[in-house]
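Undergrad: structure.tsv is reproduced in full below (TSV, C-alpha atoms).
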chain	number	residue	atom	x	y	z
O	1	MET	CA	15.53	13.75	19.73
O	2	SER	CA	12.87	11.73	17.98
O	3	PHE	CA	11.14	8.67	19.27
O	4	THR	CA	13.35	5.60	19.02
O	5	GLY	CA	11.76	2.33	18.05
O	6	PRO	CA	13.02	-1.24	18.31
O	7	SER	CA	15.82	-2.51	16.11
O	8	PHE	CA	14.89	-3.91	12.74
O	9	PRO	CA	14.19	-7.66	12.84
O	10	ASN	CA	16.87	-10.07	11.69
O	11	ILE	CA	15.57	-11.05	8.25
O	12	ALA	CA	17.83	-11.47	5.23
O	13	PRO	CA	16.55	-9.52	2.23
O	14	SER	CA	16.22	-10.81	-1.32
O	15	SER	CA	17.63	-7.61	-2.73
O	16	ARG	CA	19.17	-4.49	-1.29
O	17	SER	CA	19.99	-1.14	-2.79
O	18	LEU	CA	21.99	1.55	-1.05
O	19	SER	CA	22.15	5.21	-1.96
O	20	ALA	CA	25.01	6.71	0.01
O	21	GLY	CA	23.47	10.11	0.68
O	22	ASP	CA	25.45	13.34	0.67
O	23	PHE	CA	26.89	16.07	2.85
O	24	PRO	CA	24.66	19.10	3.40
O	25	GLY	CA	25.60	21.99	1.18
O	26	THR	CA	24.59	24.26	-1.63
O	27	THR	CA	26.03	24.69	-5.06
O	28	PHE	CA	26.08	28.15	-6.61
O	29	LYS	CA	26.71	28.47	-10.29
O	30	ALA	CA	27.53	31.81	-11.83
O	31	GLN	CA	26.54	32.84	-15.35
O	32	ASP	CA	30.15	32.52	-16.50
O	33	GLY	CA	30.08	28.88	-15.41
O	34	VAL	CA	32.08	29.18	-12.24
O	35	GLU	CA	30.74	26.88	-9.57
O	36	VAL	CA	31.03	27.46	-5.84
O	37	ARG	CA	30.05	24.85	-3.28
O	38	VAL	CA	29.35	25.68	0.33
O	39	GLN	CA	29.38	22.86	2.84
O	40	TYR	CA	27.10	23.32	5.85
O	41	GLY	CA	28.00	20.28	7.88
O	42	ASN	CA	30.59	17.58	8.31
O	43	GLN	CA	28.21	14.64	8.51
O	44	ARG	CA	26.65	12.83	5.60
O	45	ALA	CA	22.88	12.34	5.66
O	46	ASN	CA	19.96	11.00	3.66
O	47	THR	CA	21.37	7.55	3.11
O	48	GLU	CA	18.67	5.49	1.42
O	49	LEU	CA	18.37	1.76	1.89
O	50	SER	CA	15.80	-0.01	-0.26
O	51	LEU	CA	15.06	-3.62	0.61
O	52	SER	CA	12.82	-6.27	-0.82
O	53	PHE	CA	11.87	-9.49	0.89
O	54	ASP	CA	10.46	-11.88	-1.69
O	55	ASN	CA	8.19	-14.78	-0.77
O	56	ILE	CA	8.92	-14.65	2.94
O	57	THR	CA	6.73	-16.37	5.49
O	58	ASP	CA	3.69	-14.66	6.95
O	59	ALA	CA	5.45	-14.66	10.32
O	60	ASN	CA	8.43	-12.70	8.99
O	61	ALA	CA	6.14	-10.30	7.14
O	62	ALA	CA	4.29	-9.75	10.41
O	63	LEU	CA	7.60	-8.90	12.12
O	64	ILE	CA	8.19	-6.12	9.60
O	65	TYR	CA	4.60	-4.90	9.91
O	66	ASP	CA	4.82	-4.83	13.71
O	67	HIS	CA	8.20	-3.11	13.56
O	68	TYR	CA	6.74	-0.38	11.36
O	69	THR	CA	3.89	0.04	13.84
O	70	ASN	CA	6.19	0.06	16.85
O	71	CYS	CA	8.34	2.73	15.20
O	72	ARG	CA	5.22	4.90	14.84
O	73	GLY	CA	5.33	4.66	11.11
O	74	THR	CA	7.72	6.98	9.36
O	75	LEU	CA	8.30	9.10	12.49
O	76	GLY	CA	10.40	6.91	14.75
O	77	ILE	CA	14.08	6.20	14.21
O	78	PHE	CA	15.73	2.87	14.83
O	79	ASP	CA	18.95	0.94	14.52
O	80	VAL	CA	19.72	-1.53	11.81
O	81	PRO	CA	22.08	-3.81	13.69
O	82	ASN	CA	24.79	-5.98	12.23
O	83	ASN	CA	22.45	-8.80	11.40
O	84	SER	CA	21.49	-10.61	8.24
O	85	LEU	CA	19.78	-7.49	6.94
O	86	THR	CA	23.04	-5.63	6.52
O	87	GLN	CA	25.70	-8.32	6.86
O	88	SER	CA	24.47	-10.68	4.20
O	89	GLY	CA	25.73	-10.95	0.70
O	90	ASN	CA	28.54	-8.42	0.45
O	91	PRO	CA	31.10	-9.07	3.19
O	92	GLY	CA	33.81	-7.21	1.31
O	93	PHE	CA	31.65	-4.10	1.34
O	94	HIS	CA	30.27	-4.03	4.82
O	95	ALA	CA	33.53	-5.09	6.46
O	96	GLY	CA	35.74	-2.64	4.61
O	97	THR	CA	38.28	-0.54	6.45
O	98	GLY	CA	38.24	2.59	4.32
O	99	SER	CA	35.48	4.30	6.25
O	100	GLY	CA	36.70	3.21	9.64
O	101	THR	CA	33.49	1.34	10.21
O	102	THR	CA	32.51	-2.28	10.03
O	103	ASN	CA	29.25	-1.90	8.20
O	104	ARG	CA	28.62	0.47	5.33
O	105	PHE	CA	25.00	-0.65	5.02
O	106	SER	CA	24.27	0.50	8.55
O	107	ALA	CA	23.55	4.14	9.36
O	108	THR	CA	24.67	4.15	12.98
O	109	PRO	CA	28.45	4.10	12.36
O	110	PHE	CA	28.02	7.29	10.38
O	111	GLY	CA	26.09	9.11	13.09
O	112	MET	CA	22.74	8.44	11.49
O	113	ARG	CA	19.66	6.46	12.43
O	114	TYR	CA	17.29	4.91	9.99
O	115	ARG	CA	13.60	5.64	9.74
O	116	TYR	CA	10.98	4.48	7.26
O	117	ALA	CA	10.95	6.77	4.24
O	118	GLU	CA	7.49	5.53	3.30
O	119	PRO	CA	5.04	2.90	4.50
O	120	PRO	CA	6.14	-0.64	3.60
O	121	GLN	CA	4.25	-2.53	0.90
O	122	PHE	CA	2.94	-6.00	1.60
O	123	ASN	CA	1.97	-8.17	-1.32
O	124	SER	CA	0.21	-11.48	-0.80
O	125	VAL	CA	1.70	-14.21	-2.97
O	126	LYS	CA	-0.07	-17.34	-1.78
O	127	PRO	CA	-1.33	-18.66	1.55
O	128	GLY	CA	1.64	-18.46	3.91
O	129	ARG	CA	3.88	-16.39	1.66
O	130	MET	CA	4.19	-12.65	1.17
O	131	SER	CA	6.57	-10.20	-0.45
O	132	VAL	CA	7.50	-6.96	1.28
O	133	ILE	CA	9.21	-3.84	-0.01
O	134	ILE	CA	10.56	-1.23	2.38
O	135	LYS	CA	12.53	1.94	1.93
O	136	LEU	CA	14.60	3.42	4.75
O	137	VAL	CA	16.29	6.79	4.97
O	138	GLY	CA	19.22	7.61	7.23
O	139	VAL	CA	18.79	10.84	9.15
O	140	LEU	CA	21.01	12.72	11.55
O	141	ASP	CA	19.29	12.83	14.90
O	142	LYS	CA	20.89	14.77	17.73
I	1	MET	CA	2.31	-55.61	-14.55
I	2	THR	CA	0.14	-53.85	-17.05
I	3	TYR	CA	0.70	-51.44	-19.85
I	4	TYR	CA	-2.03	-48.98	-20.61
I	5	SER	CA	-2.96	-47.71	-24.03
I	6	GLY	CA	-5.59	-45.66	-25.78
I	7	LYS	CA	-8.18	-48.42	-25.55
I	8	ASP	CA	-8.17	-47.98	-21.77
I	9	GLY	CA	-8.88	-44.26	-21.91
I	10	VAL	CA	-12.23	-42.62	-21.26
I	11	LEU	CA	-13.42	-39.05	-20.89
I	12	THR	CA	-16.51	-38.23	-18.88
I	13	TYR	CA	-18.25	-34.99	-18.04
I	14	ASN	CA	-20.69	-34.80	-15.13
I	15	SER	CA	-20.56	-38.61	-14.95
I	16	THR	CA	-21.57	-39.02	-18.60
I	17	GLN	CA	-19.05	-40.68	-20.89
I	18	VAL	CA	-18.10	-38.82	-24.05
I	19	ALA	CA	-18.19	-41.05	-27.12
I	20	LYS	CA	-15.62	-41.17	-29.87
I	21	VAL	CA	-12.77	-39.58	-27.96
I	22	SER	CA	-9.63	-39.74	-30.05
I	23	ASN	CA	-7.19	-38.55	-27.41
I	24	TRP	CA	-6.91	-36.61	-24.20
I	25	SER	CA	-4.04	-35.16	-22.26
I	26	ILE	CA	-3.52	-33.43	-18.96
I	27	SER	CA	-0.74	-31.25	-17.60
I	28	SER	CA	-0.11	-30.10	-14.04
I	29	THR	CA	2.38	-27.35	-13.28
I	30	VAL	CA	3.40	-25.68	-10.05
I	31	ASP	CA	4.89	-22.21	-9.80
I	32	ALA	CA	8.26	-22.12	-8.05
I	33	LEU	CA	8.44	-19.13	-5.71
I	34	ASP	CA	11.96	-17.80	-5.34
I	35	THR	CA	13.03	-17.52	-1.68
I	36	THR	CA	16.69	-16.86	-2.39
I	37	VAL	CA	18.28	-14.29	-0.08
I	38	LEU	CA	21.51	-12.37	-0.31
I	39	THR	CA	23.68	-14.90	1.50
I	40	ASP	CA	22.63	-17.85	-0.65
I	41	SER	CA	24.88	-19.22	-3.36
I	42	ASP	CA	22.16	-21.44	-4.80
I	43	ARG	CA	18.58	-20.56	-5.54
I	44	ASN	CA	15.92	-21.72	-3.12
I	45	PHE	CA	12.25	-22.18	-3.93
I	46	VAL	CA	8.99	-23.06	-2.29
I	47	PRO	CA	6.00	-24.43	-4.20
I	48	GLY	CA	3.49	-21.84	-5.31
I	49	ILE	CA	0.19	-22.05	-7.14
I	50	ARG	CA	-0.70	-25.19	-9.09
I	51	THR	CA	-2.30	-25.04	-12.51
I	52	ILE	CA	-3.88	-28.06	-14.19
I	53	THR	CA	-4.90	-27.90	-17.80
I	54	GLY	CA	-6.00	-30.51	-20.27
I	55	SER	CA	-7.15	-31.09	-23.81
I	56	ALA	CA	-9.14	-33.64	-25.73
I	57	THR	CA	-10.06	-34.39	-29.31
I	58	VAL	CA	-13.47	-35.84	-30.07
I	59	PHE	CA	-14.69	-37.10	-33.46
I	60	TYR	CA	-17.90	-35.43	-34.53
I	61	TYR	CA	-19.91	-38.66	-34.65
I	62	ASP	CA	-23.61	-37.93	-34.23
I	63	SER	CA	-23.57	-35.45	-31.33
I	64	ALA	CA	-20.62	-36.85	-29.40
I	65	PRO	CA	-18.76	-33.57	-28.72
I	66	VAL	CA	-21.87	-31.37	-28.51
I	67	PRO	CA	-22.28	-31.34	-24.69
I	68	LEU	CA	-18.74	-30.01	-24.40
I	69	LEU	CA	-18.99	-27.55	-27.27
I	70	GLN	CA	-22.24	-26.16	-25.93
I	71	ARG	CA	-20.43	-24.80	-22.91
I	72	VAL	CA	-18.58	-22.20	-24.91
I	73	VAL	CA	-20.11	-22.16	-28.39
I	74	LYS	CA	-23.56	-20.71	-27.82
I	75	THR	CA	-25.60	-17.55	-28.16
I	76	THR	CA	-25.48	-16.67	-24.48
I	77	ALA	CA	-22.65	-15.74	-22.17
I	78	VAL	CA	-20.50	-18.35	-20.47
I	79	THR	CA	-21.33	-18.48	-16.77
I	80	GLU	CA	-20.34	-20.49	-13.73
I	81	SER	CA	-23.07	-22.97	-14.59
I	82	ASP	CA	-20.88	-24.03	-17.52
I	83	ILE	CA	-18.26	-25.46	-15.16
I	84	LEU	CA	-18.09	-29.22	-15.71
I	85	THR	CA	-16.80	-32.11	-13.67
I	86	ILE	CA	-14.41	-33.74	-16.09
I	87	LYS	CA	-12.92	-37.12	-15.42
I	88	LEU	CA	-9.99	-38.43	-17.40
I	89	GLY	CA	-9.79	-42.15	-16.87
I	90	TRP	CA	-7.76	-45.13	-17.90
I	91	ASP	CA	-8.62	-48.58	-16.69
I	92	THR	CA	-9.52	-48.12	-12.98
I	93	LYS	CA	-7.43	-44.98	-12.62
I	94	TYR	CA	-8.57	-41.42	-13.12
I	95	ILE	CA	-8.04	-37.71	-12.54
I	96	GLN	CA	-11.17	-35.72	-11.88
I	97	GLY	CA	-11.96	-32.10	-11.19
I	98	ASN	CA	-14.16	-29.12	-11.93
I	99	CYS	CA	-13.20	-27.59	-15.23
I	100	ILE	CA	-13.84	-24.58	-17.38
I	101	ILE	CA	-13.64	-25.24	-21.08
I	102	THR	CA	-11.27	-22.54	-22.24
I	103	SER	CA	-11.13	-23.39	-25.92
I	104	ALA	CA	-13.28	-25.26	-28.40
I	105	GLU	CA	-12.21	-25.75	-31.97
I	106	LEU	CA	-14.05	-27.49	-34.78
I	107	ASN	CA	-12.14	-28.84	-37.74
I	108	CYS	CA	-13.81	-29.84	-41.01
I	109	SER	CA	-11.46	-30.73	-43.84
I	110	VAL	CA	-11.76	-32.55	-47.13
I	111	GLY	CA	-10.77	-36.16	-46.74
I	112	GLU	CA	-10.81	-36.10	-42.95
I	113	VAL	CA	-13.35	-36.97	-40.31
I	114	MET	CA	-14.73	-33.87	-38.67
I	115	GLN	CA	-13.53	-33.48	-35.13
I	116	ALA	CA	-13.66	-31.10	-32.18
I	117	SER	CA	-10.69	-30.09	-30.11
I	118	ILE	CA	-11.31	-28.73	-26.63
I	119	GLN	CA	-9.03	-27.38	-23.97
I	120	PHE	CA	-10.01	-27.07	-20.36
I	121	GLN	CA	-8.61	-25.74	-17.13
I	122	PHE	CA	-9.20	-27.11	-13.66
I	123	THR	CA	-10.68	-24.73	-11.13
I	124	GLY	CA	-9.82	-25.60	-7.55
I	125	THR	CA	-8.10	-28.74	-6.42
I	126	PRO	CA	-8.78	-32.04	-8.20
I	127	THR	CA	-11.77	-33.75	-6.64
I	128	GLY	CA	-10.37	-37.21	-7.25
I	129	VAL	CA	-7.03	-38.70	-8.20
I	130	VAL	CA	-6.20	-42.38	-8.53
I	131	LEU	CA	-2.88	-43.01	-10.25
How does this structure look as structure tokens?
TA:
Amino acid sequence: MSFTGPSFPNIAPSSRSLSAGDFPGTTFKAQDGVEVRVQYGNQRANTELSLSFDNITDANAALIYDHYTNCRGTLGIFDVPNNSLTQSGNPGFHAGTGSGTTNRFSATPFGMRYRYAEPPQFNSVKPGRMSVIIKLVGVLDK
Amino acid sequence: MTYYSGKDGVLTYNSTQVAKVSNWSISSTVDALDTTVLTDSDRNFVPGIRTITGSATVFYYDSAPVPLLQRVVKTTAVTESDILTIKLGWDTKYIQGNCIITSAELNCSVGEVMQASIQFQFTGTPTGVVL
């Protein structure tokens, strides 16, 4: 099991993009066009969550910076709890019943944990205001 | 109660009054930084960077507009030494700040008095404002 860092801070993003990931498997395609798919596991992985925080305060930007540090960069895994990061904006999506979970933006209900896919980007806008872009990837961690 | 008009207006650079000024104008704008988040139903903003620009038209009477034109129309490069303290005044009121002349235009037409049009941009905060 990998190092587990603190939960992501409770900051509502300006925009959020979710790529749902996929189940592990391989697709074989014969020359006659027949396609065979072999599934290796029963758990979906590689969910990608891209978030941007536009013109947030320096204090909130520092929370994200410190969280990245405390998670040992892209190595540590962490929870994205049901806070404003994942709850905000699309209640009909994150509270759906089809998946048997209460939050489709979160990785934990699907057996995954998030980690940073790449170092976050911090852009200075003006004194006291910054914009931050982060990209998370959901990984299976047993 | 007092109305103000063109006869009250003056334009000075480095404490020297420019003669034969036909008009001046000034505009101050502030960027609005969007702080809207996913839960919001209305956009939220915080003030960003302020930009102050101005313009003036000066009749070419003797050498009236020359000190301003010389800052950008010359045989050498424009440097930081060409930054002026420009004061736009009317009656006892004024707006003053350090300015870079960003545009200088000379117009000479048949049947019209020759005149110079300049545009300038404040650098830094205004050094004096009395409204």
Undergrad: So how many Å separate CA of Asn55 (chain O) and CA of Ser124 (chain O), to one decimal?
TA: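 A separation of 8.6 Å between them.
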Undergrad: For Val80 (chain O), which of O:Thr108, O:Asn123, O:Asn42, O:Ser19 is the closest residue, counting only C-alpha atoms?
TA: O:Thr108
Undergrad: Hey, can you check how far CA of Lys135 (chain O) sits from CA of Leu33 (chain I)?
TA: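 Taking CA of Lys135 (chain O) as the start and CA of Leu33 (chain I) as the end point, the length is 22.8 Å.
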Undergrad: Please indicate the distance in Å from CA of Gln17 (chain I) to CA of Asp62 (chain I), rounded to one decimal place.
TA: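 Rounded to one decimal, the two atoms are 14.4 Å apart.
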Undergrad: Here's a test: counting all atoms listed in the file, identify every protein, DNA and RNA residue with an atom at most 10 Å from (14.5, -20.2, -1.7) in the file's coordinate frame, and state them as a list of chain:residue names.
TA: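 Final list of nearby residues, as requested, is O:Ser14, O:Asp54, O:Asn55, O:Ile56, I:Ala32, I:Leu33, I:Asp34, I:Thr35, I:Thr36, I:Val37, I:Asp40, I:Asp42, I:Arg43, I:Asn44, I:Phe45, I:Val46, I:Pro47.
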Undergrad: Just checking: using all atoms listed in the file, which residue out of O:Tyr65, O:Phe23, O:Lys126, O:Ser50 ends up closest to Arg37 (chain O)?
TA: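 Using all atoms listed in the file, the shortest distance to Arg37 (chain O) belongs to O:Phe23.
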Undergrad: Kindly indicate which residue among I:Tyr60, I:Thr39, I:Val129, I:Gly97 lies nearest to Ser15 (chain O), using only C-alpha atoms for the distances.
TA: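 Closest to Ser15 (chain O), using only C-alpha atoms: I:Thr39.
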Undergrad: Could you name the residues that touch Ile95 (chain I) at 12 Å or less, counting only C-alpha atoms, but leaving out those on the same chain fewer than 2 positions away, as number ranges by chain?
TA: I: 9-13, 24-28, 52-54, 85-93, 97-99, 122, 125-131
Undergrad: Hey, which of I:Ile100, I:Asn23, I:Met1, I:Ile49 ends up closest to chain O? Count only C-alpha atoms.
TA: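 Closest candidate: I:Ile49.
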Undergrad: Generate the missing atoms of region 75-111 of chain I up to N, CA and C atoms and report them as a JSON list (two decimals), keeping the file's coordinate frame.
TA:
[["chain", "number", "residue", "atom", "x", "y", "z"],
["I", 75, "THR", "N", -25.17, -18.93, -27.94],
["I", 75, "THR", "CA", -25.60, -17.55, -28.16],
["I", 75, "THR", "C", -25.68, -16.74, -26.87],
["I", 76, "THR", "N", -25.45, -17.39, -25.75],
["I", 76, "THR", "CA", -25.48, -16.67, -24.48],
["I", 76, "THR", "C", -24.09, -16.66, -23.86],
["I", 77, "ALA", "N", -23.96, -15.88, -22.81],
["I", 77, "ALA", "CA", -22.65, -15.74, -22.17],
["I", 77, "ALA", "C", -22.28, -17.02, -21.41],
["I", 78, "VAL", "N", -21.00, -17.23, -21.28],
["I", 78, "VAL", "CA", -20.50, -18.35, -20.47],
["I", 78, "VAL", "C", -20.57, -17.94, -19.00],
["I", 79, "THR", "N", -21.17, -18.78, -18.20],
["I", 79, "THR", "CA", -21.33, -18.48, -16.77],
["I", 79, "THR", "C", -20.75, -19.60, -15.93],
["I", 80, "GLU", "N", -20.87, -19.46, -14.63],
["I", 80, "GLU", "CA", -20.34, -20.49, -13.73],
["I", 80, "GLU", "C", -21.10, -21.80, -13.87],
["I", 81, "SER", "N", -22.31, -21.73, -14.40],
["I", 81, "SER", "CA", -23.07, -22.97, -14.59],
["I", 81, "SER", "C", -22.46, -23.83, -15.69],
["I", 82, "ASP", "N", -21.53, -23.26, -16.45],
["I", 82, "ASP", "CA", -20.88, -24.03, -17.52],
["I", 82, "ASP", "C", -19.65, -24.78, -17.01],
["I", 83, "ILE", "N", -19.37, -24.69, -15.72],
["I", 83, "ILE", "CA", -18.26, -25.46, -15.16],
["I", 83, "ILE", "C", -18.67, -26.94, -15.10],
["I", 84, "LEU", "N", -17.81, -27.79, -15.63],
["I", 84, "LEU", "CA", -18.09, -29.22, -15.71],
["I", 84, "LEU", "C", -17.20, -30.00, -14.75],
["I", 85, "THR", "N", -17.68, -31.15, -14.35],
["I", 85, "THR", "CA", -16.80, -32.11, -13.67],
["I", 85, "THR", "C", -16.28, -33.06, -14.74],
["I", 86, "ILE", "N", -15.02, -32.91, -15.05],
["I", 86, "ILE", "CA", -14.41, -33.74, -16.09],
["I", 86, "ILE", "C", -13.54, -34.81, -15.44],
["I", 87, "LYS", "N", -13.68, -36.00, -15.94],
["I", 87, "LYS", "CA", -12.92, -37.12, -15.42],
["I", 87, "LYS", "C", -12.16, -37.77, -16.56],
["I", 88, "LEU", "N", -10.85, -37.78, -16.42],
["I", 88, "LEU", "CA", -9.99, -38.43, -17.40],
["I", 88, "LEU", "C", -9.58, -39.78, -16.82],
["I", 89, "GLY", "N", -10.04, -40.84, -17.45],
["I", 89, "GLY", "CA", -9.79, -42.15, -16.87],
["I", 89, "GLY", "C", -9.04, -43.08, -17.78],
["I", 90, "TRP", "N", -8.38, -44.03, -17.17],
["I", 90, "TRP", "CA", -7.76, -45.13, -17.90],
["I", 90, "TRP", "C", -7.77, -46.35, -16.98],
["I", 91, "ASP", "N", -8.40, -47.38, -17.49],
["I", 91, "ASP", "CA", -8.62, -48.58, -16.69],
["I", 91, "ASP", "C", -9.36, -48.16, -15.40],
["I", 92, "THR", "N", -8.84, -48.51, -14.22],
["I", 92, "THR", "CA", -9.52, -48.12, -12.98],
["I", 92, "THR", "C", -8.97, -46.80, -12.41],
["I", 93, "LYS", "N", -8.08, -46.19, -13.13],
["I", 93, "LYS", "CA", -7.43, -44.98, -12.62],
["I", 93, "LYS", "C", -8.06, -43.74, -13.26],
["I", 94, "TYR", "N", -7.94, -42.64, -12.59],
["I", 94, "TYR", "CA", -8.57, -41.42, -13.12],
["I", 94, "TYR", "C", -8.03, -40.17, -12.44],
["I", 95, "ILE", "N", -8.25, -39.05, -13.11],
["I", 95, "ILE", "CA", -8.04, -37.71, -12.54],
["I", 95, "ILE", "C", -9.32, -36.94, -12.80],
["I", 96, "GLN", "N", -9.86, -36.36, -11.76],
["I", 96, "GLN", "CA", -11.17, -35.72, -11.88],
["I", 96, "GLN", "C", -11.15, -34.36, -11.21],
["I", 97, "GLY", "N", -11.87, -33.42, -11.81],
["I", 97, "GLY", "CA", -11.96, -32.10, -11.19],
["I", 97, "GLY", "C", -12.96, -31.23, -11.91],
["I", 98, "ASN", "N", -13.24, -30.09, -11.31],
["I", 98, "ASN", "CA", -14.16, -29.12, -11.93],
["I", 98, "ASN", "C", -13.37, -28.30, -12.94],
["I", 99, "CYS", "N", -13.95, -28.19, -14.13],
["I", 99, "CYS", "CA", -13.20, -27.59, -15.23],
["I", 99, "CYS", "C", -14.01, -26.53, -15.96],
["I", 100, "ILE", "N", -13.28, -25.56, -16.44],
["I", 100, "ILE", "CA", -13.84, -24.58, -17.38],
["I", 100, "ILE", "C", -13.26, -24.90, -18.75],
["I", 101, "ILE", "N", -14.13, -25.02, -19.72],
["I", 101, "ILE", "CA", -13.64, -25.24, -21.08],
["I", 101, "ILE", "C", -13.16, -23.90, -21.61],
["I", 102, "THR", "N", -11.88, -23.81, -21.85],
["I", 102, "THR", "CA", -11.27, -22.54, -22.24],
["I", 102, "THR", "C", -11.13, -22.39, -23.74],
["I", 103, "SER", "N", -11.27, -23.48, -24.47],
["I", 103, "SER", "CA", -11.13, -23.39, -25.92],
["I", 103, "SER", "C", -11.89, -24.53, -26.57],
["I", 104, "ALA", "N", -12.59, -24.22, -27.63],
["I", 104, "ALA", "CA", -13.28, -25.26, -28.40],
["I", 104, "ALA", "C", -13.05, -24.96, -29.87],
["I", 105, "GLU", "N", -12.57, -25.96, -30.57],
["I", 105, "GLU", "CA", -12.21, -25.75, -31.97],
["I", 105, "GLU", "C", -12.80, -26.87, -32.80],
["I", 106, "LEU", "N", -13.46, -26.50, -33.87],
["I", 106, "LEU", "CA", -14.05, -27.49, -34.78],
["I", 106, "LEU", "C", -13.25, -27.51, -36.07],
["I", 107, "ASN", "N", -12.91, -28.71, -36.51],
["I", 107, "ASN", "CA", -12.14, -28.84, -37.74],
["I", 107, "ASN", "C", -12.92, -29.67, -38.75],
["I", 108, "CYS", "N", -13.12, -29.13, -39.94],
["I", 108, "CYS", "CA", -13.81, -29.84, -41.01],
["I", 108, "CYS", "C", -12.97, -29.70, -42.27],
["I", 109, "SER", "N", -12.37, -30.78, -42.70],
["I", 109, "SER", "CA", -11.46, -30.73, -43.84],
["I", 109, "SER", "C", -11.81, -31.82, -44.83],
["I", 110, "VAL", "N", -11.52, -31.55, -46.08],
["I", 110, "VAL", "CA", -11.76, -32.55, -47.13],
["I", 110, "VAL", "C", -10.90, -33.78, -46.85],
["I", 111, "GLY", "N", -11.51, -34.92, -46.91],
["I", 111, "GLY", "CA", -10.77, -36.16, -46.74],
["I", 111, "GLY", "C", -10.50, -36.54, -45.31]]
